[in-house]
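**Student:** Contents of query-v4.tsv (TSV, C-alpha atoms) are below:
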```tsv
chain	number	residue	atom	x	y	z
A	933	MET	CA	0.65	-16.83	18.21
A	934	SER	CA	-1.97	-19.35	17.17
A	935	THR	CA	-3.96	-21.52	19.51
A	936	PRO	CA	-3.70	-25.32	19.39
A	937	ALA	CA	-7.16	-25.47	17.80
A	938	GLU	CA	-6.07	-23.10	15.01
A	939	THR	CA	-2.90	-25.12	14.46
A	940	ASN	CA	-4.90	-28.36	14.17
A	941	LEU	CA	-7.28	-26.68	11.72
A	942	GLU	CA	-4.34	-25.51	9.59
A	943	ARG	CA	-2.84	-29.01	9.60
A	944	SER	CA	-6.12	-30.63	8.56
A	945	SER	CA	-6.53	-28.03	5.79
A	946	TRP	CA	-3.04	-28.80	4.49
A	947	ARG	CA	-3.73	-32.53	4.61
A	948	SER	CA	-6.97	-32.10	2.69
A	949	LEU	CA	-5.06	-30.19	0.02
A	950	GLY	CA	-2.64	-33.11	-0.42
A	951	GLY	CA	-4.93	-34.95	-2.82
A	952	LEU	CA	-5.75	-31.77	-4.73
A	953	ARG	CA	-2.05	-30.93	-4.92
A	954	ALA	CA	-1.15	-34.36	-6.28
A	955	ALA	CA	-3.93	-34.22	-8.85
A	956	ALA	CA	-2.99	-30.68	-9.88
A	957	MET	CA	0.73	-31.41	-10.24
A	958	THR	CA	-0.05	-34.54	-12.26
A	959	ALA	CA	-2.57	-32.70	-14.44
A	960	ALA	CA	-0.14	-29.85	-15.07
A	961	ALA	CA	2.65	-32.24	-16.05
A	962	LEU	CA	0.34	-34.24	-18.33
A	963	GLY	CA	-1.09	-30.99	-19.70
A	964	ALA	CA	2.40	-29.80	-20.56
A	965	LEU	CA	3.33	-33.08	-22.25
A	966	GLY	CA	0.04	-33.27	-24.12
A	967	SER	CA	0.30	-29.64	-25.21
A	968	LEU	CA	3.84	-30.27	-26.42
A	969	ASP	CA	2.68	-33.27	-28.45
A	970	LEU	CA	-0.22	-31.34	-29.96
A	971	THR	CA	2.07	-28.41	-30.78
A	972	PHE	CA	4.37	-30.73	-32.70
A	973	ARG	CA	1.43	-32.32	-34.48
A	974	ALA	CA	0.03	-28.93	-35.48
A	975	GLY	CA	3.39	-27.75	-36.76
A	976	HIS	CA	4.57	-30.95	-38.41
A	977	ARG	CA	4.64	-29.28	-41.84
A	978	ASN	CA	6.54	-26.26	-40.58
A	979	HIS	CA	10.21	-26.51	-41.48
A	980	SER	CA	11.38	-23.55	-39.38
A	981	LEU	CA	13.11	-24.88	-36.27
A	982	LEU	CA	13.23	-21.39	-34.77
A	983	LEU	CA	9.49	-20.88	-35.16
A	984	MET	CA	8.74	-24.31	-33.67
A	985	ALA	CA	11.09	-23.62	-30.76
A	986	LEU	CA	9.32	-20.33	-30.07
A	987	PHE	CA	5.92	-22.02	-30.14
A	988	VAL	CA	7.14	-24.77	-27.81
A	989	ILE	CA	8.49	-22.23	-25.32
A	990	TRP	CA	5.32	-20.14	-25.50
A	991	VAL	CA	2.99	-23.13	-25.07
A	992	LEU	CA	4.98	-24.68	-22.20
A	993	ALA	CA	5.72	-21.47	-20.27
A	994	PRO	CA	2.43	-21.31	-18.30
A	995	PHE	CA	2.83	-24.96	-17.26
A	996	VAL	CA	6.42	-24.38	-16.16
A	997	ALA	CA	5.29	-21.40	-14.08
A	998	LEU	CA	2.43	-23.33	-12.50
A	999	ILE	CA	4.53	-26.40	-11.70
A	1000	SER	CA	7.27	-24.18	-10.25
A	1001	ALA	CA	4.69	-22.39	-8.10
A	1002	GLY	CA	3.25	-25.74	-7.05
A	1003	MET	CA	6.66	-26.83	-5.80
A	1004	VAL	CA	6.90	-23.91	-3.36
A	1005	ALA	CA	3.20	-23.55	-2.56
A	1006	ARG	CA	3.30	-25.52	0.68
A	1007	ARG	CA	4.58	-22.37	2.38
A	1008	TRP	CA	1.58	-20.36	1.19
A	1009	ALA	CA	-1.76	-19.78	2.87
A	1010	VAL	CA	-4.31	-22.54	2.35
A	1011	PRO	CA	-6.68	-20.43	0.18
A	1012	THR	CA	-3.77	-19.46	-2.05
A	1013	GLN	CA	-2.73	-23.09	-2.44
A	1014	ALA	CA	-6.29	-24.14	-3.25
A	1015	THR	CA	-6.52	-21.39	-5.88
A	1016	LEU	CA	-3.24	-22.46	-7.47
A	1017	TYR	CA	-4.13	-26.15	-7.56
A	1018	SER	CA	-7.58	-25.45	-9.00
A	1019	LEU	CA	-6.05	-23.23	-11.66
A	1020	MET	CA	-3.54	-25.94	-12.55
A	1021	LEU	CA	-6.38	-28.39	-13.15
A	1022	LEU	CA	-8.42	-25.86	-15.13
A	1023	LEU	CA	-5.57	-24.80	-17.39
A	1024	ALA	CA	-4.41	-28.35	-18.06
A	1025	VAL	CA	-7.87	-29.47	-19.14
A	1026	GLY	CA	-8.65	-26.24	-21.00
A	1027	SER	CA	-5.37	-26.17	-22.89
A	1028	LEU	CA	-5.59	-29.79	-23.97
A	1029	ALA	CA	-9.20	-29.32	-25.07
A	1030	SER	CA	-8.35	-26.21	-27.08
A	1031	TYR	CA	-5.26	-27.65	-28.74
A	1032	GLY	CA	-6.95	-31.00	-29.30
A	1033	ALA	CA	-9.88	-29.34	-31.06
A	1034	VAL	CA	-7.45	-27.69	-33.47
A	1035	VAL	CA	-5.24	-30.70	-34.14
A	1036	LEU	CA	-7.82	-33.47	-34.08
A	1037	GLY	CA	-10.78	-31.50	-35.45
A	1038	PRO	CA	-11.55	-30.37	-38.98
A	1039	PRO	CA	-8.78	-28.47	-40.81
A	1040	ARG	CA	-8.58	-24.76	-40.00
A	1041	ALA	CA	-7.23	-21.86	-41.99
A	1042	LYS	CA	-5.03	-20.51	-39.16
A	1043	PRO	CA	-4.40	-23.17	-36.51
A	1044	ALA	CA	-1.47	-21.23	-35.02
A	1045	PHE	CA	-3.89	-18.65	-33.62
A	1046	VAL	CA	-5.06	-21.03	-30.87
A	1047	PHE	CA	-1.46	-21.84	-29.95
A	1048	LEU	CA	-0.83	-18.12	-29.50
A	1049	VAL	CA	-4.03	-17.19	-27.66
A	1050	VAL	CA	-4.35	-20.09	-25.19
A	1051	PRO	CA	-1.01	-19.39	-23.45
A	1052	LEU	CA	-1.84	-15.67	-23.39
A	1053	ALA	CA	-5.22	-16.42	-21.79
A	1054	SER	CA	-3.45	-18.78	-19.36
A	1055	TRP	CA	-1.07	-16.00	-18.29
A	1056	LEU	CA	-4.02	-13.65	-17.79
A	1057	LEU	CA	-5.85	-16.21	-15.65
A	1058	ILE	CA	-2.68	-16.85	-13.64
A	1059	ALA	CA	-2.29	-13.11	-12.99
A	1060	ILE	CA	-5.95	-12.71	-11.99
A	1061	ALA	CA	-5.86	-15.77	-9.73
A	1062	ALA	CA	-2.65	-14.58	-8.07
A	1063	ALA	CA	-4.15	-11.16	-7.38
A	1064	VAL	CA	-7.36	-12.63	-5.98
A	1065	ALA	CA	-5.50	-15.19	-3.86
A	1066	ARG	CA	-3.27	-12.48	-2.47
A	1067	LEU	CA	-6.29	-10.33	-1.62
A	1068	VAL	CA	-8.09	-13.26	0.05
A	1069	SER	CA	-4.97	-14.20	2.01
A	1070	ARG	CA	-4.58	-10.65	3.29
A	1071	THR	CA	-8.26	-10.49	4.24
A	1072	THR	CA	-8.27	-13.82	6.08
A	1073	SER	CA	-5.01	-13.10	7.94
A	1074	LYS	CA	-6.38	-9.88	9.46
```
I need this file expressed as structure tokens, please.
**Tutor:**
Amino acid sequence: MSTPAETNLERSSWRSLGGLRAAAMTAAALGALGSLDLTFRAGHRNHSLLLMALFVIWVLAPFVALISAGMVARRWAVPTQATLYSLMLLLAVGSLASYGAVVLGPPRAKPAFVFLVVPLASWLLIAIAAAVARLVSRTTSK
């Protein structure tokens, strides 16, 4: 059982995460929409609907996972929430910067490579962050 002081500390920590949560959820949603737009721009000459659909699913999947996690994160430990929200911000900015450099920058020989690697790197970062957050949560709860 927690003491009243611990309960107040937990409540203030959750409140302080409110702004970070709102920013992270907004950034992830905008990151998903922006990534979708840039995917369509990069593939505008591609006439294969199946290939475009696969790219769209692959590019959006990390954002869908992060937003879904963000919707249930209020039940998680504060360090885990902070890790998730920080990762959401990082991946939104990083993805848009990477895709934007391909689409808006000078022409590249193989622009699809970035649209394959960025989601893969996002999944790896998500897995690493989840493992670290779980370890930190276990350590702080003992």
**Student:** Mind pulling up the distance from atom CA of Met957 of chain A to atom CA of Leu998 of chain A?
**Tutor:**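 Computing the Euclidean distance for atom CA of Leu998 of chain A and atom CA of Met957 of chain A yields 8.6 Å.
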**Student:** Which residues of segment 957-1036 of chain A come within 7 Å of segment 1063-1073 of chain A, and for each one, what is the closest pair of atoms and their distance in Å to one decimal, counting only C-alpha atoms, sorted by chain and residue number, as a tab-separated table?
**Tutor:**
```
residue	atom	partner	partner_atom	distance
A:Ala1009	CA	A:Ser1069	CA	6.5
A:Pro1011	CA	A:Ser1069	CA	6.7
A:Thr1012	CA	A:Ala1065	CA	4.9
A:Thr1015	CA	A:Ala1065	CA	6.6
```
**Student:** Report, in Å with one decimal, the straight-line distance from atom CA of Arg1007 of chain A to atom CA of Leu992 of chain A.
**Tutor:**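 Distance reported for this atom pair: 24.7 Å.
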**Student:** Quick one: everything within 9 Å of Ser1054 of chain A, counting only C-alpha atoms, minus sequence neighbours fewer than 6 positions away in the same chain. Send it as a PyMOL selection string.
**Tutor:** chain A and resi 994+1023+1027
**Student:** Kindly provide the residues of segment 977-1032 of chain A that approach segment 960-971 of chain A to within 10 Å, each paired with its closest atom pair and their distance in Å to one decimal, based on only C-alpha atoms, listed by chain and increasing number, as a Markdown table.
**Tutor:**
```
| residue | atom | partner | partner_atom | distance |
| --- | --- | --- | --- | --- |
| A:Met984 | CA | A:Thr971 | CA | 8.3 |
| A:Phe987 | CA | A:Thr971 | CA | 7.5 |
| A:Val988 | CA | A:Leu968 | CA | 6.6 |
| A:Ile989 | CA | A:Leu968 | CA | 9.4 |
| A:Val991 | CA | A:Ser967 | CA | 7.0 |
| A:Leu992 | CA | A:Ala964 | CA | 6.0 |
| A:Ala993 | CA | A:Ala964 | CA | 9.0 |
| A:Pro994 | CA | A:Ala964 | CA | 8.8 |
| A:Phe995 | CA | A:Ala964 | CA | 5.9 |
| A:Val996 | CA | A:Ala964 | CA | 8.1 |
| A:Leu998 | CA | A:Ala960 | CA | 7.5 |
| A:Ile999 | CA | A:Ala960 | CA | 6.7 |
| A:Gly1002 | CA | A:Ala960 | CA | 9.6 |
| A:Tyr1017 | CA | A:Ala960 | CA | 9.3 |
| A:Leu1019 | CA | A:Ala960 | CA | 9.5 |
| A:Met1020 | CA | A:Ala960 | CA | 5.8 |
| A:Leu1021 | CA | A:Ala960 | CA | 6.7 |
| A:Leu1022 | CA | A:Ala960 | CA | 9.2 |
| A:Leu1023 | CA | A:Ala960 | CA | 7.8 |
| A:Ala1024 | CA | A:Gly963 | CA | 4.5 |
| A:Val1025 | CA | A:Gly963 | CA | 7.0 |
| A:Gly1026 | CA | A:Gly963 | CA | 9.0 |
| A:Ser1027 | CA | A:Ser967 | CA | 7.0 |
| A:Leu1028 | CA | A:Ser967 | CA | 6.0 |
| A:Ala1029 | CA | A:Ser967 | CA | 9.5 |
| A:Ser1030 | CA | A:Ser967 | CA | 9.5 |
| A:Tyr1031 | CA | A:Leu970 | CA | 6.4 |
| A:Gly1032 | CA | A:Leu970 | CA | 6.8 |
```
**Student:** I need the residues from that last selection saved to file as a PDB file, in the coordinates of the input (with C-alpha atoms), if you can.
**Tutor:**
```pdb
ATOM      1  CA  MET A 984       8.740 -24.310 -33.670  1.00  0.00           C
ATOM      2  CA  PHE A 987       5.920 -22.020 -30.140  1.00  0.00           C
ATOM      3  CA  VAL A 988       7.140 -24.770 -27.810  1.00  0.00           C
ATOM      4  CA  ILE A 989       8.490 -22.230 -25.320  1.00  0.00           C
ATOM      5  CA  VAL A 991       2.990 -23.130 -25.070  1.00  0.00           C
ATOM      6  CA  LEU A 992       4.980 -24.680 -22.200  1.00  0.00           C
ATOM      7  CA  ALA A 993       5.720 -21.470 -20.270  1.00  0.00           C
ATOM      8  CA  PRO A 994       2.430 -21.310 -18.300  1.00  0.00           C
ATOM      9  CA  PHE A 995       2.830 -24.960 -17.260  1.00  0.00           C
ATOM     10  CA  VAL A 996       6.420 -24.380 -16.160  1.00  0.00           C
ATOM     11  CA  LEU A 998       2.430 -23.330 -12.500  1.00  0.00           C
ATOM     12  CA  ILE A 999       4.530 -26.400 -11.700  1.00  0.00           C
ATOM     13  CA  GLY A1002       3.250 -25.740  -7.050  1.00  0.00           C
ATOM     14  CA  TYR A1017      -4.130 -26.150  -7.560  1.00  0.00           C
ATOM     15  CA  LEU A1019      -6.050 -23.230 -11.660  1.00  0.00           C
ATOM     16  CA  MET A1020      -3.540 -25.940 -12.550  1.00  0.00           C
ATOM     17  CA  LEU A1021      -6.380 -28.390 -13.150  1.00  0.00           C
ATOM     18  CA  LEU A1022      -8.420 -25.860 -15.130  1.00  0.00           C
ATOM     19  CA  LEU A1023      -5.570 -24.800 -17.390  1.00  0.00           C
ATOM     20  CA  ALA A1024      -4.410 -28.350 -18.060  1.00  0.00           C
ATOM     21  CA  VAL A1025      -7.870 -29.470 -19.140  1.00  0.00           C
ATOM     22  CA  GLY A1026      -8.650 -26.240 -21.000  1.00  0.00           C
ATOM     23  CA  SER A1027      -5.370 -26.170 -22.890  1.00  0.00           C
ATOM     24  CA  LEU A1028      -5.590 -29.790 -23.970  1.00  0.00           C
ATOM     25  CA  ALA A1029      -9.200 -29.320 -25.070  1.00  0.00           C
ATOM     26  CA  SER A1030      -8.350 -26.210 -27.080  1.00  0.00           C
ATOM     27  CA  TYR A1031      -5.260 -27.650 -28.740  1.00  0.00           C
ATOM     28  CA  GLY A1032      -6.950 -31.000 -29.300  1.00  0.00           C
TER      29      GLY A1032
END
```
**Student:** Quick one: of A:Gly950, A:Ala955, A:Ala974, A:Gln1013, who's nearest to Pro1039 of chain A, counting all atoms listed in the file?
**Tutor:**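 Closest to Pro1039 of chain A of all the choices is A:Ala974.
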